[in-house]
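Working notes, structure below.
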Amino acid sequence: MVEFGEKLKRAREEKGMTQQTLSEHLYVTRQAVSRWECGARYPDLLTAKKLSEVLEASLDELLSGEEMKKCVEKNPIVESPVIGRVQSALYAFAGMAYLLMSVVAIRFLAPELTGANLQMMGYGVSYLLGYLMITLLLFTGLTFSIRGKLTPKKAGVIVAAYFGAALISNIFVLMQAPGIWPTVFQSILYLICIVIVAGYYFRVRRLSPIPVYCVAAYGFIRSGIMYFQMMQLENDFAFIVRIIWLLAIAGYMGLVAYQAYALEKKWRLAVK
(Lines give C-alpha, C1' and ligand atoms only; values in the text may rest on other atoms or scores of the structure.)
Protein backbone atom coordinates (compact mmCIF):
# COMPACT_ATOMS: atom_id res chain seq x y z
CA MET A 1 0.00 0.00 0.00
CA VAL A 2 1.34 3.42 -0.98
CA GLU A 3 1.87 5.53 2.13
CA PHE A 4 0.69 9.11 2.56
CA GLY A 5 4.20 10.55 2.23
CA GLU A 6 4.75 8.90 -1.14
CA LYS A 7 1.32 9.98 -2.42
CA LEU A 8 1.94 13.52 -1.22
CA LYS A 9 5.33 13.70 -2.95
CA ARG A 10 3.89 12.29 -6.18
CA ALA A 11 0.95 14.75 -6.16
CA ARG A 12 3.29 17.67 -5.41
CA GLU A 13 5.66 16.76 -8.24
CA GLU A 14 2.76 16.31 -10.66
CA LYS A 15 1.76 19.90 -9.88
CA GLY A 16 5.36 21.00 -10.50
CA MET A 17 5.70 22.38 -6.96
CA THR A 18 8.72 22.31 -4.68
CA GLN A 19 8.45 21.61 -0.97
CA GLN A 20 9.08 25.31 -0.34
CA THR A 21 6.30 26.41 -2.71
CA LEU A 22 3.83 23.98 -1.16
CA SER A 23 4.76 25.09 2.35
CA GLU A 24 4.10 28.72 1.41
CA HIS A 25 0.62 27.82 0.16
CA LEU A 26 -0.12 26.06 3.44
CA TYR A 27 1.57 28.61 5.73
CA VAL A 28 3.84 25.95 7.24
CA THR A 29 7.61 25.45 7.12
CA ARG A 30 9.39 23.51 4.39
CA GLN A 31 10.65 21.18 7.11
CA ALA A 32 7.05 20.32 7.98
CA VAL A 33 6.37 19.26 4.38
CA SER A 34 9.60 17.27 4.37
CA ARG A 35 8.56 15.42 7.55
CA TRP A 36 5.18 14.58 6.01
CA GLU A 37 6.80 13.16 2.90
CA CYS A 38 9.26 11.01 4.83
CA GLY A 39 6.47 9.68 7.06
CA ALA A 40 7.80 11.18 10.30
CA ARG A 41 4.70 13.32 10.91
CA TYR A 42 1.20 13.84 9.58
CA PRO A 43 -0.51 17.19 8.96
CA ASP A 44 -3.47 18.08 11.14
CA LEU A 45 -6.83 17.42 9.52
CA LEU A 46 -7.57 21.05 8.60
CA THR A 47 -4.16 21.34 6.94
CA ALA A 48 -4.72 18.01 5.18
CA LYS A 49 -7.95 19.35 3.69
CA LYS A 50 -6.17 22.52 2.56
CA LEU A 51 -3.45 20.28 1.11
CA SER A 52 -6.00 18.41 -1.00
CA GLU A 53 -7.32 21.73 -2.35
CA VAL A 54 -3.85 23.05 -3.25
CA LEU A 55 -2.82 19.80 -4.97
CA GLU A 56 -6.28 19.30 -6.52
CA ALA A 57 -6.45 15.78 -5.11
CA SER A 58 -9.22 14.43 -2.92
CA LEU A 59 -8.45 13.78 0.72
CA ASP A 60 -9.33 10.12 0.18
CA GLU A 61 -6.65 9.90 -2.51
CA LEU A 62 -4.00 11.22 -0.12
CA LEU A 63 -5.03 9.59 3.15
CA SER A 64 -6.43 6.13 3.74
CA GLY A 65 -8.81 5.49 6.63
CA GLU A 66 -5.96 4.11 8.72
CA GLU A 67 -3.79 7.13 7.96
CA MET A 68 -6.65 9.45 8.94
CA LYS A 69 -6.55 7.77 12.35
CA LYS A 70 -2.79 8.29 12.50
CA CYS A 71 -3.36 11.99 11.77
CA VAL A 72 -5.41 12.20 14.92
CA GLU A 73 -3.25 9.93 17.09
CA LYS A 74 0.22 11.19 16.15
CA ASN A 75 -0.43 14.92 16.10
CA PRO A 76 -0.69 17.06 19.26
CA ILE A 77 -4.12 16.90 20.88
CA VAL A 78 -4.25 20.72 20.71
CA GLU A 79 -2.88 22.13 17.46
CA SER A 80 -3.87 25.80 17.67
CA PRO A 81 -0.77 27.81 18.68
CA VAL A 82 -2.84 30.14 20.87
CA ILE A 83 -4.70 27.36 22.67
CA GLY A 84 -1.42 25.44 22.90
CA ARG A 85 0.11 28.33 24.85
CA VAL A 86 -2.93 28.40 27.15
CA GLN A 87 -2.54 24.65 27.63
CA SER A 88 1.12 25.03 28.58
CA ALA A 89 0.26 27.87 30.96
CA LEU A 90 -2.39 25.74 32.70
CA TYR A 91 0.04 22.83 33.10
CA ALA A 92 2.64 25.21 34.54
CA PHE A 93 0.12 26.89 36.85
CA ALA A 94 -1.27 23.58 38.13
CA GLY A 95 2.22 22.11 38.55
CA MET A 96 3.39 25.09 40.59
CA ALA A 97 0.22 24.98 42.69
CA TYR A 98 0.82 21.32 43.56
CA LEU A 99 4.45 22.09 44.30
CA LEU A 100 3.32 24.81 46.72
CA MET A 101 0.87 22.36 48.31
CA SER A 102 3.79 19.97 48.83
CA VAL A 103 5.65 22.78 50.62
CA VAL A 104 2.58 23.45 52.77
CA ALA A 105 2.31 19.75 53.60
CA ILE A 106 5.94 19.64 54.70
CA ARG A 107 5.85 22.95 56.56
CA PHE A 108 2.62 22.45 58.48
CA LEU A 109 2.37 18.70 58.84
CA ALA A 110 5.93 18.18 60.06
CA PRO A 111 5.41 19.90 63.44
CA GLU A 112 2.12 18.03 63.90
CA LEU A 113 3.81 14.71 63.15
CA THR A 114 6.63 15.22 65.63
CA GLY A 115 6.08 12.53 68.19
CA ALA A 116 2.86 11.42 66.46
CA ASN A 117 1.91 7.78 66.11
CA LEU A 118 2.54 5.79 62.94
CA GLN A 119 -1.05 6.23 61.74
CA MET A 120 -0.82 10.04 61.79
CA MET A 121 2.55 9.89 60.07
CA GLY A 122 0.97 7.69 57.41
CA TYR A 123 -1.69 10.30 56.69
CA GLY A 124 0.89 13.05 56.33
CA VAL A 125 3.17 11.03 54.08
CA SER A 126 0.25 9.90 51.89
CA TYR A 127 -0.84 13.48 51.18
CA LEU A 128 2.72 14.58 50.48
CA LEU A 129 3.31 11.58 48.21
CA GLY A 130 0.17 12.33 46.21
CA TYR A 131 1.07 16.02 45.77
CA LEU A 132 4.61 15.22 44.62
CA MET A 133 3.49 12.56 42.12
CA ILE A 134 0.90 14.88 40.61
CA THR A 135 3.45 17.72 40.46
CA LEU A 136 5.76 15.50 38.42
CA LEU A 137 2.92 14.49 36.09
CA LEU A 138 1.84 18.07 35.44
CA PHE A 139 5.38 19.24 34.66
CA THR A 140 5.71 16.25 32.31
CA GLY A 141 2.58 17.48 30.53
CA LEU A 142 4.08 20.97 30.41
CA THR A 143 7.24 19.64 28.78
CA PHE A 144 5.31 17.73 26.09
CA SER A 145 3.02 20.72 25.50
CA ILE A 146 5.88 23.18 25.02
CA ARG A 147 7.63 20.79 22.61
CA GLY A 148 4.43 20.26 20.62
CA LYS A 149 4.46 16.54 21.37
CA LEU A 150 1.43 16.18 23.64
CA THR A 151 -0.43 13.56 21.58
CA PRO A 152 -3.89 12.30 22.63
CA LYS A 153 -2.45 9.16 24.24
CA LYS A 154 0.12 11.13 26.23
CA ALA A 155 -2.60 13.50 27.43
CA GLY A 156 -4.71 10.47 28.36
CA VAL A 157 -1.85 8.89 30.31
CA ILE A 158 -1.33 12.11 32.28
CA VAL A 159 -5.03 12.41 33.19
CA ALA A 160 -5.31 8.73 34.15
CA ALA A 161 -2.07 8.92 36.15
CA TYR A 162 -3.36 12.07 37.88
CA PHE A 163 -6.25 10.09 39.35
CA GLY A 164 -3.93 7.10 39.78
CA ALA A 165 -1.64 9.18 42.01
CA ALA A 166 -4.64 10.18 44.13
CA LEU A 167 -5.68 6.52 44.31
CA ILE A 168 -2.20 5.46 45.45
CA SER A 169 -2.29 8.15 48.13
CA ASN A 170 -5.63 6.80 49.35
CA ILE A 171 -4.35 3.24 49.37
CA PHE A 172 -1.46 4.40 51.53
CA VAL A 173 -3.98 5.89 53.98
CA LEU A 174 -6.02 2.67 54.00
CA MET A 175 -2.90 0.69 54.83
CA GLN A 176 -2.72 2.72 58.04
CA ALA A 177 -6.46 2.60 58.82
CA PRO A 178 -8.39 0.01 56.73
CA GLY A 179 -11.80 0.90 58.14
CA ILE A 180 -12.16 4.45 56.76
CA TRP A 181 -15.15 3.91 54.47
CA PRO A 182 -15.25 7.43 52.95
CA THR A 183 -11.68 6.84 51.78
CA VAL A 184 -12.64 3.43 50.37
CA PHE A 185 -15.57 5.00 48.48
CA GLN A 186 -13.36 7.81 47.22
CA SER A 187 -10.79 5.26 46.03
CA ILE A 188 -13.49 3.44 44.06
CA LEU A 189 -14.46 6.73 42.40
CA TYR A 190 -10.82 7.39 41.48
CA LEU A 191 -10.64 3.91 39.95
CA ILE A 192 -13.79 4.59 37.92
CA CYS A 193 -12.22 7.86 36.68
CA ILE A 194 -9.11 5.97 35.55
CA VAL A 195 -11.22 3.39 33.68
CA ILE A 196 -13.27 6.12 31.95
CA VAL A 197 -10.18 8.06 30.84
CA ALA A 198 -8.36 4.92 29.66
CA GLY A 199 -11.48 3.78 27.81
CA TYR A 200 -11.80 7.11 26.02
CA TYR A 201 -8.17 7.60 25.01
CA PHE A 202 -7.02 4.04 24.32
CA ARG A 203 -9.94 2.17 22.78
CA VAL A 204 -9.90 1.86 19.00
CA ARG A 205 -13.63 2.54 18.85
CA ARG A 206 -14.37 6.12 19.84
CA LEU A 207 -16.46 6.65 22.96
CA SER A 208 -18.49 9.69 23.95
CA PRO A 209 -16.46 12.42 25.71
CA ILE A 210 -19.34 13.06 28.14
CA PRO A 211 -18.00 10.63 30.80
CA VAL A 212 -14.66 12.46 30.63
CA TYR A 213 -16.49 15.75 31.23
CA CYS A 214 -18.02 14.10 34.31
CA VAL A 215 -14.55 13.01 35.45
CA ALA A 216 -13.30 16.59 35.12
CA ALA A 217 -16.31 17.86 37.09
CA TYR A 218 -15.69 15.28 39.82
CA GLY A 219 -12.00 16.25 39.99
CA PHE A 220 -12.96 19.87 40.61
CA ILE A 221 -15.69 19.05 43.14
CA ARG A 222 -13.35 16.73 45.04
CA SER A 223 -10.70 19.46 45.17
CA GLY A 224 -13.30 21.88 46.56
CA ILE A 225 -14.14 19.39 49.32
CA MET A 226 -10.45 18.98 50.13
CA TYR A 227 -10.14 22.78 50.24
CA PHE A 228 -12.56 22.93 53.17
CA GLN A 229 -11.08 19.84 54.82
CA MET A 230 -7.71 21.60 55.04
CA MET A 231 -9.06 24.70 56.78
CA GLN A 232 -7.40 23.56 60.03
CA LEU A 233 -4.08 24.54 58.42
CA GLU A 234 -5.38 28.09 58.21
CA ASN A 235 -2.97 31.01 58.23
CA ASP A 236 -2.17 33.67 55.67
CA PHE A 237 0.35 31.61 53.70
CA ALA A 238 -1.74 28.41 53.69
CA PHE A 239 -4.90 30.31 52.73
CA ILE A 240 -3.23 31.92 49.71
CA VAL A 241 -1.70 28.62 48.59
CA ARG A 242 -5.02 26.80 48.90
CA ILE A 243 -6.77 29.49 46.82
CA ILE A 244 -4.07 29.19 44.13
CA TRP A 245 -4.34 25.41 44.27
CA LEU A 246 -8.13 25.40 43.86
CA LEU A 247 -7.92 27.82 40.91
CA ALA A 248 -5.20 25.66 39.34
CA ILE A 249 -7.32 22.51 39.67
CA ALA A 250 -10.29 24.32 38.13
CA GLY A 251 -8.07 25.33 35.21
CA TYR A 252 -6.58 21.85 34.77
CA MET A 253 -9.96 20.09 34.95
CA GLY A 254 -11.25 22.58 32.40
CA LEU A 255 -8.28 21.65 30.22
CA VAL A 256 -9.07 17.93 30.65
CA ALA A 257 -12.61 18.56 29.43
CA TYR A 258 -11.37 20.69 26.50
CA GLN A 259 -8.82 18.05 25.45
CA ALA A 260 -11.61 15.44 25.33
CA TYR A 261 -13.73 17.85 23.27
CA ALA A 262 -10.83 18.62 20.89
CA LEU A 263 -10.12 14.92 20.33
CA GLU A 264 -13.80 14.21 19.64
CA LYS A 265 -13.90 17.08 17.13
CA LYS A 266 -10.79 15.77 15.35
CA TRP A 267 -12.23 12.26 15.12
CA ARG A 268 -15.42 13.62 13.61
CA LEU A 269 -13.40 15.50 10.99
CA ALA A 270 -11.42 12.33 10.29
CA VAL A 271 -14.48 10.22 9.52
CA LYS A 272 -16.21 12.81 7.34
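Order determines the names: the first chain of the C-alpha coordinates is A, the second B, and so forth; residues in each chain are numbered 1 upward, and ligands are numbered 1 upward as they are shown.
Counting only C-alpha atoms, Leu55 of chain A has the following residues at most 8 Å away, ignoring those fewer than 2 positions along the same chain: Ala11, Arg12, Lys15, Leu51, Ser52, Glu53 and Ala57 of chain A.
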Determine, counting only C-alpha atoms, which protein, DNA and RNA residues have an atom within 8 Å of an atom of Tyr261 of chain A; residues of the same chain fewer than 4 positions away are not included. Present the result as a VMD selection string. chain A and resid 209 257 265
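One finds atom CA of Ala92 of chain A at 12.1 Å from atom CA of Ile134 of chain A.
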Find the spatial neighbours of Pro182 of chain A, counting only C-alpha atoms, within a cut-off of 12 Å - ignore same-chain residues fewer than 6 positions away - and output them as a list in words. Asn170, Val173, Leu174, Ile188 and Leu189 of chain A
Residue neighbourhood Ala248 of chain A, 8 Å, only C-alpha atoms, exclusion window fewer than 2 positions, as number ranges by chain: A: 90, 93-94, 97, 244-246, 250-252
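Closest approach to Phe144 of chain A among A:Pro76, A:Gly156, A:Gly130, A:Pro211: A:Pro76, based on only C-alpha atoms.
Taking only C-alpha atoms into account, Ala155 of chain A lies nearest to A:Ile77 out of the set A:Leu136, A:Ile194, A:Ile77, A:Val72.
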For the structure I just gave you, how does DSSP split segment 147-251 of chain A - specifically, which residues are helix (DSSP H, G or I)? Reply as a PyMOL selection string. chain A and resi 152-176+181-202+210-233+236-251
